[in-house]
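Next up, my_file.csv (CSV, C-alpha atoms):
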```
chain,number,residue,atom,x,y,z
A,1,ASN,CA,78.0,-101.5,35.4
A,2,GLY,CA,77.1,-103.1,38.7
A,3,HIS,CA,73.6,-104.4,37.7
A,4,LYS,CA,72.3,-107.9,38.2
A,5,VAL,CA,71.9,-109.5,34.8
A,6,ARG,CA,71.2,-112.9,33.2
A,7,ASP,CA,73.1,-113.9,30.1
A,8,GLY,CA,71.4,-115.3,27.0
A,9,ALA,CA,71.4,-115.4,23.2
A,10,VAL,CA,70.7,-112.1,21.5
A,11,VAL,CA,69.2,-111.8,18.0
A,12,TYR,CA,69.7,-108.4,16.4
A,13,LEU,CA,67.3,-107.7,13.5
A,14,ALA,CA,69.2,-104.9,11.7
A,15,GLY,CA,67.3,-103.2,8.9
A,16,GLU,CA,70.2,-100.8,8.0
A,17,GLY,CA,73.8,-99.8,8.7
A,18,HIS,CA,75.3,-103.3,8.6
A,19,HIS,CA,78.8,-102.1,7.8
A,20,GLY,CA,78.9,-99.7,10.7
A,21,MET,CA,77.3,-102.4,12.9
A,22,ARG,CA,80.2,-104.8,12.2
A,23,ALA,CA,82.7,-102.2,13.1
A,24,ARG,CA,81.0,-101.2,16.4
A,25,LEU,CA,80.7,-104.9,17.4
A,26,ALA,CA,84.3,-105.5,16.7
A,27,SER,CA,85.3,-102.4,18.8
A,28,TRP,CA,83.0,-103.5,21.6
A,29,LYS,CA,84.6,-107.0,21.7
A,30,ARG,CA,88.1,-105.5,21.7
A,31,HIS,CA,87.3,-103.0,24.4
A,32,HIS,CA,85.8,-105.6,26.7
A,33,LYS,CA,88.3,-108.3,25.7
A,34,VAL,CA,85.6,-110.7,24.4
A,35,ASP,CA,86.4,-113.3,21.7
A,36,HIS,CA,82.9,-114.5,21.1
A,37,LEU,CA,79.4,-113.1,21.4
A,38,ASN,CA,76.3,-115.3,21.8
A,39,MET,CA,74.6,-113.1,19.2
A,40,TRP,CA,73.2,-113.3,15.7
A,41,LEU,CA,72.8,-110.4,13.3
A,42,SER,CA,70.3,-110.3,10.4
A,43,LYS,CA,71.5,-109.4,6.9
A,44,ALA,CA,68.4,-107.4,6.1
A,45,GLY,CA,65.1,-106.1,7.3
A,46,THR,CA,61.6,-107.4,6.6
A,47,ASP,CA,58.0,-106.4,7.2
A,48,LEU,CA,57.6,-108.1,10.6
A,49,ASN,CA,53.9,-107.2,10.8
A,50,THR,CA,53.0,-109.2,7.7
A,51,ALA,CA,52.5,-113.0,7.6
A,52,GLU,CA,55.4,-113.5,5.2
A,53,GLY,CA,57.8,-111.3,7.2
A,54,TYR,CA,56.8,-112.7,10.6
A,55,ASN,CA,57.2,-116.3,9.4
A,56,LYS,CA,60.6,-115.4,7.9
A,57,VAL,CA,61.8,-114.2,11.3
A,58,ARG,CA,60.1,-117.0,13.2
A,59,ASP,CA,61.6,-119.7,11.0
A,60,SER,CA,65.1,-118.1,11.4
A,61,LEU,CA,64.8,-118.0,15.2
A,62,TYR,CA,63.9,-121.7,15.2
A,63,GLN,CA,67.0,-122.5,13.2
A,64,LEU,CA,69.3,-121.2,16.0
A,65,PRO,CA,71.0,-123.7,18.3
A,66,THR,CA,69.4,-122.0,21.3
A,67,LYS,CA,66.3,-119.9,22.0
A,68,PRO,CA,66.9,-116.2,22.1
A,69,ALA,CA,66.7,-114.3,25.4
A,70,ALA,CA,66.3,-111.0,23.5
A,71,VAL,CA,65.3,-109.9,20.0
A,72,VAL,CA,66.2,-106.4,19.0
A,73,VAL,CA,64.3,-104.7,16.1
A,74,ASP,CA,66.4,-101.9,14.7
A,75,THR,CA,64.7,-99.8,13.5
A,76,LEU,CA,61.0,-100.1,13.9
A,77,HIS,CA,60.5,-98.1,10.7
A,78,ARG,CA,62.6,-100.7,8.7
A,79,PHE,CA,60.4,-103.6,9.9
A,80,LEU,CA,57.0,-102.0,9.7
A,81,ALA,CA,54.7,-102.4,6.7
A,82,GLY,CA,52.4,-99.4,6.9
A,83,ASP,CA,52.3,-96.0,8.7
A,84,GLU,CA,53.9,-95.5,12.1
A,85,ASN,CA,51.3,-92.8,12.7
A,86,SER,CA,48.4,-95.2,12.3
A,87,SER,CA,47.2,-96.9,15.4
A,88,GLN,CA,45.9,-99.8,13.4
A,89,ASP,CA,49.3,-100.4,11.8
A,90,ALA,CA,51.0,-100.0,15.2
A,91,LYS,CA,48.7,-102.7,16.6
A,92,THR,CA,49.7,-105.2,13.9
A,93,MET,CA,53.4,-104.6,14.7
A,94,ILE,CA,52.8,-104.7,18.5
A,95,ASP,CA,50.9,-108.0,18.0
A,96,ALA,CA,53.8,-109.4,16.0
A,97,CYS,CA,56.3,-108.5,18.7
A,98,GLY,CA,53.9,-110.0,21.3
A,99,ALA,CA,53.7,-113.2,19.4
A,100,ILE,CA,57.5,-113.5,19.3
A,101,GLN,CA,57.7,-112.9,23.0
A,102,GLN,CA,55.0,-115.5,23.7
A,103,GLU,CA,56.5,-118.2,21.4
A,104,PHE,CA,60.1,-117.9,22.4
A,105,GLY,CA,59.8,-116.6,25.9
A,106,CYS,CA,62.1,-113.7,25.1
A,107,THR,CA,62.2,-109.9,25.4
A,108,VAL,CA,61.6,-107.8,22.3
A,109,LEU,CA,63.3,-104.4,22.1
A,110,LEU,CA,62.1,-101.9,19.6
A,111,VAL,CA,64.6,-99.2,18.5
A,112,HIS,CA,62.7,-96.1,17.3
A,113,HIS,CA,63.2,-92.4,16.6
A,114,THR,CA,61.8,-89.5,18.5
A,115,GLY,CA,59.8,-86.7,16.8
A,116,VAL,CA,61.6,-83.9,15.0
A,117,SER,CA,60.2,-80.9,16.8
A,118,GLU,CA,61.6,-79.9,20.2
A,119,ASP,CA,58.3,-80.6,21.9
A,120,SER,CA,58.4,-84.3,20.8
A,121,GLN,CA,62.0,-85.1,21.6
A,122,HIS,CA,61.0,-86.9,24.8
A,123,ARG,CA,58.6,-89.4,23.1
A,124,ALA,CA,58.5,-91.9,20.3
A,125,ARG,CA,57.6,-90.7,16.9
A,126,GLY,CA,54.2,-91.7,15.5
A,127,SER,CA,51.0,-93.0,17.1
A,128,SER,CA,50.5,-92.9,20.8
A,129,ALA,CA,49.7,-96.6,20.6
A,130,TRP,CA,53.4,-97.4,20.7
A,131,LYS,CA,53.9,-95.9,24.2
A,132,GLY,CA,50.6,-97.4,25.4
A,133,ALA,CA,51.8,-101.0,24.5
A,134,LEU,CA,55.3,-100.8,26.0
A,135,ASP,CA,56.3,-102.3,29.3
A,136,LEU,CA,59.4,-100.1,29.5
A,137,GLU,CA,60.4,-97.1,27.5
A,138,PHE,CA,63.8,-95.4,27.5
A,139,SER,CA,65.2,-92.4,25.7
A,140,VAL,CA,68.8,-91.8,24.6
A,141,VAL,CA,69.4,-88.0,24.9
A,142,PRO,CA,72.4,-86.8,22.8
A,143,GLY,CA,75.2,-85.1,24.6
A,144,GLY,CA,77.3,-82.1,23.5
A,145,ASP,CA,78.9,-79.0,25.0
A,146,ASP,CA,80.7,-81.1,27.6
A,147,LYS,CA,77.4,-82.9,28.5
A,148,PRO,CA,77.4,-86.8,28.4
A,149,ILE,CA,74.9,-88.9,26.6
A,150,GLU,CA,71.9,-89.4,28.9
A,151,PHE,CA,69.9,-92.7,29.2
A,152,VAL,CA,66.5,-91.8,30.6
A,153,GLN,CA,63.6,-94.1,31.5
A,154,ARG,CA,60.2,-92.7,30.3
A,155,LYS,CA,57.9,-95.5,31.3
A,156,ALA,CA,57.8,-98.4,33.7
A,157,LYS,CA,54.6,-100.4,33.6
A,158,ASP,CA,55.2,-102.6,36.7
A,159,SER,CA,58.2,-101.1,38.4
A,160,GLU,CA,59.8,-97.8,39.6
A,161,ILE,CA,61.5,-95.4,37.3
A,162,ILE,CA,65.2,-95.8,37.5
A,163,GLN,CA,67.7,-92.9,37.8
A,164,PRO,CA,69.2,-91.6,34.6
A,165,HIS,CA,72.5,-93.2,33.4
A,166,TYR,CA,75.3,-91.3,31.7
A,167,PHE,CA,77.6,-92.4,28.9
A,168,GLU,CA,80.2,-91.1,26.5
A,169,ILE,CA,81.6,-92.4,23.2
A,170,GLU,CA,85.2,-93.5,23.3
A,171,ARG,CA,87.0,-93.6,19.9
A,172,HIS,CA,88.6,-96.9,18.9
A,173,GLU,CA,90.7,-97.8,15.9
A,174,LEU,CA,90.5,-101.2,14.3
A,175,ASP,CA,93.0,-103.2,12.4
A,176,TRP,CA,90.7,-102.9,9.4
A,177,ILE,CA,91.9,-100.8,6.4
A,178,ASP,CA,89.4,-98.9,4.3
A,179,GLU,CA,89.5,-98.3,0.5
A,180,ASP,CA,91.7,-95.3,1.1
A,181,GLY,CA,94.3,-97.4,2.9
A,182,GLU,CA,93.4,-95.8,6.3
A,183,ARG,CA,92.5,-97.6,9.5
A,184,VAL,CA,88.8,-97.9,10.3
A,185,SER,CA,87.8,-96.1,13.5
A,186,THR,CA,84.5,-96.2,15.4
A,187,GLY,CA,83.1,-95.6,18.9
A,188,VAL,CA,82.4,-97.6,22.0
A,189,LEU,CA,79.8,-96.5,24.5
A,190,VAL,CA,81.3,-96.3,28.0
A,191,ALA,CA,80.0,-95.0,31.3
A,192,ALA,CA,80.7,-91.3,31.7
A,193,ASP,CA,83.3,-90.1,34.2
A,194,LYS,CA,81.6,-89.4,37.5
A,195,ALA,CA,83.2,-85.9,37.6
A,196,GLU,CA,81.6,-85.1,34.3
A,197,VAL,CA,78.2,-86.2,35.6
A,198,LEU,CA,78.6,-84.1,38.8
A,199,LYS,CA,79.5,-81.1,36.7
A,200,VAL,CA,76.4,-81.5,34.6
A,201,ASN,CA,74.1,-81.9,37.6
A,202,LYS,CA,75.7,-78.9,39.3
A,203,LYS,CA,75.0,-76.8,36.2
A,204,LEU,CA,71.4,-78.0,36.2
A,205,GLY,CA,71.1,-77.0,39.8
A,206,GLU,CA,72.5,-73.6,39.1
A,207,ASP,CA,70.1,-73.1,36.2
A,208,ILE,CA,67.1,-74.0,38.4
A,209,ALA,CA,68.3,-71.6,41.1
A,210,VAL,CA,68.5,-68.8,38.6
A,211,PHE,CA,65.0,-69.6,37.4
A,212,GLU,CA,63.6,-69.7,41.0
A,213,LYS,CA,65.3,-66.3,41.8
A,214,ALA,CA,63.7,-64.8,38.7
A,215,TRP,CA,60.3,-66.3,39.6
A,216,TRP,CA,60.2,-64.7,43.1
A,217,ALA,CA,61.6,-61.4,41.8
A,218,SER,CA,58.6,-61.2,39.4
A,219,GLY,CA,56.3,-60.9,42.4
A,220,CYS,CA,54.6,-64.3,42.1
A,221,GLU,CA,53.2,-65.6,45.3
A,222,LYS,CA,54.1,-69.0,46.8
A,223,VAL,CA,51.3,-71.6,46.5
```

Could you render the structure as structure tokens?
Amino acid sequence: NGHKVRDGAVVYLAGEGHHGMRARLASWKRHHKVDHLNMWLSKAGTDLNTAEGYNKVRDSLYQLPTKPAAVVVDTLHRFLAGDENSSQDAKTMIDACGAIQQEFGCTVLLVHHTGVSEDSQHRARGSSAWKGALDLEFSVVPGGDDKPIEFVQRKAKDSEIIQPHYFEIERHELDWIDEDGERVSTGVLVAADKAEVLKVNKKLGEDIAVFEKAWWASGCEKV
């Protein structure tokens, strides 16, 4: 997408959804015409913030032919022993991720859910300690009603906040056949068409204009 990047080995610690993950990876490779990925996918989750779980992950990383550039933890809930609302349990998980970063010189990405209520859709679920410990935080805002998926940066510890990015899911069929004899289909995330993004931004501008008009019509003074 036109951004400067550095390649490197990726370790994806998947605590769930392995069948769907295999299909999405296969579709991504086909879409981008890639034969091989410098990537390893775990077969199960573990309690990363316990000594046993941490050592299990650590030992597995050392068995790889090259050090990982990035380790993805998906989802945080599947790798956390304790309560995500507890600042103390959050600290043990943050410390475990920090130890992996330090030992392997890699980036650690935590995949986590937002809250359920509308007021908490913009932030990570659970203790405020999660956000406080992050260097960068991003939200994936679902699309719908002709709106693309929005990728929004919520926090940047040592840099400027980037502009939102927009995506859509493109349906792909694989050569795989399921138990009903039908071809397996899944989706690939692709950059949204610029015309669609402009249409969304135009709609947002129109909504703001309507709000401003109503504001001044209410007799409120400009401050």

Next on the checklist: When you look at range 155-168 of chain A with a cut-off of 12 Å (counting all atoms listed in the file), what residues show up, excluding the ones that are within fewer than 3 positions of it in the same chain? I need them as an NGL selection string.
Outcome noted: :A and (1 or 122-124 or 130-144 or 146-152 or 171 or 187-198 or 200-201)

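Those residues that approach range 85-94 of chain A to within 8 Å, counting only C-alpha atoms, are Leu48, Asn49, Leu80, Ala81, Gly82, Asp83, Ala96, Cys97, Gly98, Arg125, Gly126, Ser127, Ser128, Ala129, Trp130 and Ala133 of chain A; same-chain residues fewer than 2 positions away are not listed.
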
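Closest approach to Phe79 in chain A among A:Ser185, A:Thr46, A:Thr66, A:Gln102 is made by A:Thr46 (distances from only C-alpha atoms).
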
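Minimum atom-to-atom distance to Thr75 in chain A, evaluated using only C-alpha atoms, belongs to A:Ala14 out of A:Val184, A:Ala14, A:Cys106, A:Val34.
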
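The smallest atom-to-atom distance between Arg154 in chain A and any of A:Gln121, A:Glu170, A:Thr186, A:His77, using all atoms listed in the file, is found for A:Gln121.
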
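With only C-alpha atoms as the atoms that count, the minimum distance from Asp74 in chain A to the choices A:His18, A:His172, A:His3, A:His31 is reached by A:His18.
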
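Counting all atoms listed in the file, range 175-180 of chain A has the following residues at most 12 Å away, ignoring those fewer than 5 positions along the same chain: His19, Arg22, Ala23, Ala26, Ser27, Arg30, Ser185 and Thr186 of chain A.
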
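Comparing the minimum interatomic distances between Glu16 in chain A and each of A:Leu41, A:Arg78, A:Thr50, A:Val71, counting all atoms listed in the file, we find that A:Arg78 sits nearest.
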
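Our summary of the geometry notes that CA of Lys43 in chain A is positioned 15.1 Å from CA of Arg58 in chain A.
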
Only all heavy atoms, as a PDB file, in the first residue's frame: that is what I want for range 133-145 of chain A.
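Output file out.pdb is given in full below:
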```pdb
ATOM      1  N   ALA A 133      -0.061   0.821  28.625  1.00  0.00           N
ATOM      2  CA  ALA A 133       1.200   0.124  28.359  1.00  0.00           C
ATOM      3  C   ALA A 133       1.553   0.059  26.883  1.00  0.00           C
ATOM      4  O   ALA A 133       2.681  -0.282  26.521  1.00  0.00           O
ATOM      5  CB  ALA A 133       1.131  -1.294  28.916  1.00  0.00           C
ATOM      6  N   LEU A 134       0.601   0.383  26.011  1.00  0.00           N
ATOM      7  CA  LEU A 134       0.829   0.227  24.572  1.00  0.00           C
ATOM      8  C   LEU A 134       1.669   1.357  23.986  1.00  0.00           C
ATOM      9  O   LEU A 134       1.540   2.506  24.394  1.00  0.00           O
ATOM     10  CB  LEU A 134      -0.509   0.179  23.837  1.00  0.00           C
ATOM     11  CG  LEU A 134      -1.465  -0.966  24.171  1.00  0.00           C
ATOM     12  CD1 LEU A 134      -2.778  -0.788  23.424  1.00  0.00           C
ATOM     13  CD2 LEU A 134      -0.835  -2.307  23.812  1.00  0.00           C
ATOM     14  N   ASP A 135       2.507   1.018  23.011  1.00  0.00           N
ATOM     15  CA  ASP A 135       3.211   2.042  22.230  1.00  0.00           C
ATOM     16  C   ASP A 135       2.287   2.582  21.137  1.00  0.00           C
ATOM     17  O   ASP A 135       2.294   3.773  20.838  1.00  0.00           O
ATOM     18  CB  ASP A 135       4.472   1.457  21.595  1.00  0.00           C
ATOM     19  CG  ASP A 135       5.523   1.097  22.643  1.00  0.00           C
ATOM     20  OD1 ASP A 135       5.613   1.805  23.649  1.00  0.00           O
ATOM     21  OD2 ASP A 135       6.228   0.093  22.434  1.00  0.00           O
ATOM     22  N   LEU A 136       1.516   1.667  20.536  1.00  0.00           N
ATOM     23  CA  LEU A 136       0.590   2.031  19.464  1.00  0.00           C
ATOM     24  C   LEU A 136      -0.710   1.270  19.685  1.00  0.00           C
ATOM     25  O   LEU A 136      -0.690   0.109  20.111  1.00  0.00           O
ATOM     26  CB  LEU A 136       1.154   1.661  18.089  1.00  0.00           C
ATOM     27  CG  LEU A 136       2.501   2.262  17.687  1.00  0.00           C
ATOM     28  CD1 LEU A 136       3.062   1.533  16.478  1.00  0.00           C
ATOM     29  CD2 LEU A 136       2.342   3.746  17.372  1.00  0.00           C
ATOM     30  N   GLU A 137      -1.820   1.930  19.391  1.00  0.00           N
ATOM     31  CA  GLU A 137      -3.114   1.253  19.474  1.00  0.00           C
ATOM     32  C   GLU A 137      -3.932   1.584  18.227  1.00  0.00           C
ATOM     33  O   GLU A 137      -4.002   2.745  17.812  1.00  0.00           O
ATOM     34  CB  GLU A 137      -3.882   1.684  20.717  1.00  0.00           C
ATOM     35  CG  GLU A 137      -5.216   0.946  20.868  1.00  0.00           C
ATOM     36  CD  GLU A 137      -6.030   1.428  22.052  1.00  0.00           C
ATOM     37  OE1 GLU A 137      -5.973   2.636  22.368  1.00  0.00           O
ATOM     38  OE2 GLU A 137      -6.736   0.599  22.658  1.00  0.00           O
ATOM     39  N   PHE A 138      -4.530   0.544  17.640  1.00  0.00           N
ATOM     40  CA  PHE A 138      -5.357   0.707  16.446  1.00  0.00           C
ATOM     41  C   PHE A 138      -6.697   0.024  16.660  1.00  0.00           C
ATOM     42  O   PHE A 138      -6.785  -0.989  17.360  1.00  0.00           O
ATOM     43  CB  PHE A 138      -4.677   0.079  15.223  1.00  0.00           C
ATOM     44  CG  PHE A 138      -3.348   0.685  14.884  1.00  0.00           C
ATOM     45  CD1 PHE A 138      -2.173   0.181  15.433  1.00  0.00           C
ATOM     46  CD2 PHE A 138      -3.257   1.762  14.018  1.00  0.00           C
ATOM     47  CE1 PHE A 138      -0.938   0.724  15.120  1.00  0.00           C
ATOM     48  CE2 PHE A 138      -2.028   2.315  13.695  1.00  0.00           C
ATOM     49  CZ  PHE A 138      -0.864   1.801  14.251  1.00  0.00           C
ATOM     50  N   SER A 139      -7.729   0.579  16.055  1.00  0.00           N
ATOM     51  CA  SER A 139      -9.059  -0.024  16.079  1.00  0.00           C
ATOM     52  C   SER A 139      -9.468  -0.409  14.666  1.00  0.00           C
ATOM     53  O   SER A 139      -9.189   0.324  13.711  1.00  0.00           O
ATOM     54  CB  SER A 139     -10.102   0.956  16.631  1.00  0.00           C
ATOM     55  OG  SER A 139      -9.932   1.149  18.015  1.00  0.00           O
ATOM     56  N   VAL A 140     -10.125  -1.542  14.554  1.00  0.00           N
ATOM     57  CA  VAL A 140     -10.743  -1.941  13.302  1.00  0.00           C
ATOM     58  C   VAL A 140     -12.243  -1.710  13.460  1.00  0.00           C
ATOM     59  O   VAL A 140     -12.899  -2.382  14.245  1.00  0.00           O
ATOM     60  CB  VAL A 140     -10.464  -3.418  12.972  1.00  0.00           C
ATOM     61  CG1 VAL A 140     -11.167  -3.818  11.683  1.00  0.00           C
ATOM     62  CG2 VAL A 140      -8.972  -3.667  12.856  1.00  0.00           C
ATOM     63  N   VAL A 141     -12.755  -0.727  12.737  1.00  0.00           N
ATOM     64  CA  VAL A 141     -14.164  -0.352  12.840  1.00  0.00           C
ATOM     65  C   VAL A 141     -14.922  -1.032  11.706  1.00  0.00           C
ATOM     66  O   VAL A 141     -14.629  -0.795  10.534  1.00  0.00           O
ATOM     67  CB  VAL A 141     -14.346   1.181  12.741  1.00  0.00           C
ATOM     68  CG1 VAL A 141     -15.807   1.556  12.910  1.00  0.00           C
ATOM     69  CG2 VAL A 141     -13.477   1.875  13.791  1.00  0.00           C
ATOM     70  N   PRO A 142     -15.900  -1.900  12.033  1.00  0.00           N
ATOM     71  CA  PRO A 142     -16.622  -2.624  10.984  1.00  0.00           C
ATOM     72  C   PRO A 142     -17.311  -1.684  10.001  1.00  0.00           C
ATOM     73  O   PRO A 142     -17.736  -0.588  10.354  1.00  0.00           O
ATOM     74  CB  PRO A 142     -17.659  -3.440  11.767  1.00  0.00           C
ATOM     75  CG  PRO A 142     -17.105  -3.535  13.154  1.00  0.00           C
ATOM     76  CD  PRO A 142     -16.362  -2.255  13.378  1.00  0.00           C
ATOM     77  N   GLY A 143     -17.434  -2.149   8.762  1.00  0.00           N
ATOM     78  CA  GLY A 143     -18.153  -1.384   7.757  1.00  0.00           C
ATOM     79  C   GLY A 143     -19.625  -1.772   7.737  1.00  0.00           C
ATOM     80  O   GLY A 143     -20.136  -2.365   8.678  1.00  0.00           O
ATOM     81  N   GLY A 144     -20.284  -1.462   6.648  1.00  0.00           N
ATOM     82  CA  GLY A 144     -21.708  -1.748   6.500  1.00  0.00           C
ATOM     83  C   GLY A 144     -22.426  -0.570   5.895  1.00  0.00           C
ATOM     84  O   GLY A 144     -21.962   0.569   5.999  1.00  0.00           O
ATOM     85  N   ASP A 145     -23.587  -0.838   5.264  1.00  0.00           N
ATOM     86  CA  ASP A 145     -24.357   0.227   4.616  1.00  0.00           C
ATOM     87  C   ASP A 145     -23.485   1.019   3.643  1.00  0.00           C
ATOM     88  O   ASP A 145     -23.441   2.247   3.681  1.00  0.00           O
ATOM     89  CB  ASP A 145     -24.973   1.173   5.655  1.00  0.00           C
ATOM     90  CG  ASP A 145     -25.977   0.466   6.545  1.00  0.00           C
ATOM     91  OD1 ASP A 145     -26.618  -0.478   6.061  1.00  0.00           O
ATOM     92  OD2 ASP A 145     -26.110   0.862   7.716  1.00  0.00           O
TER      93      ASP A 145
END
```
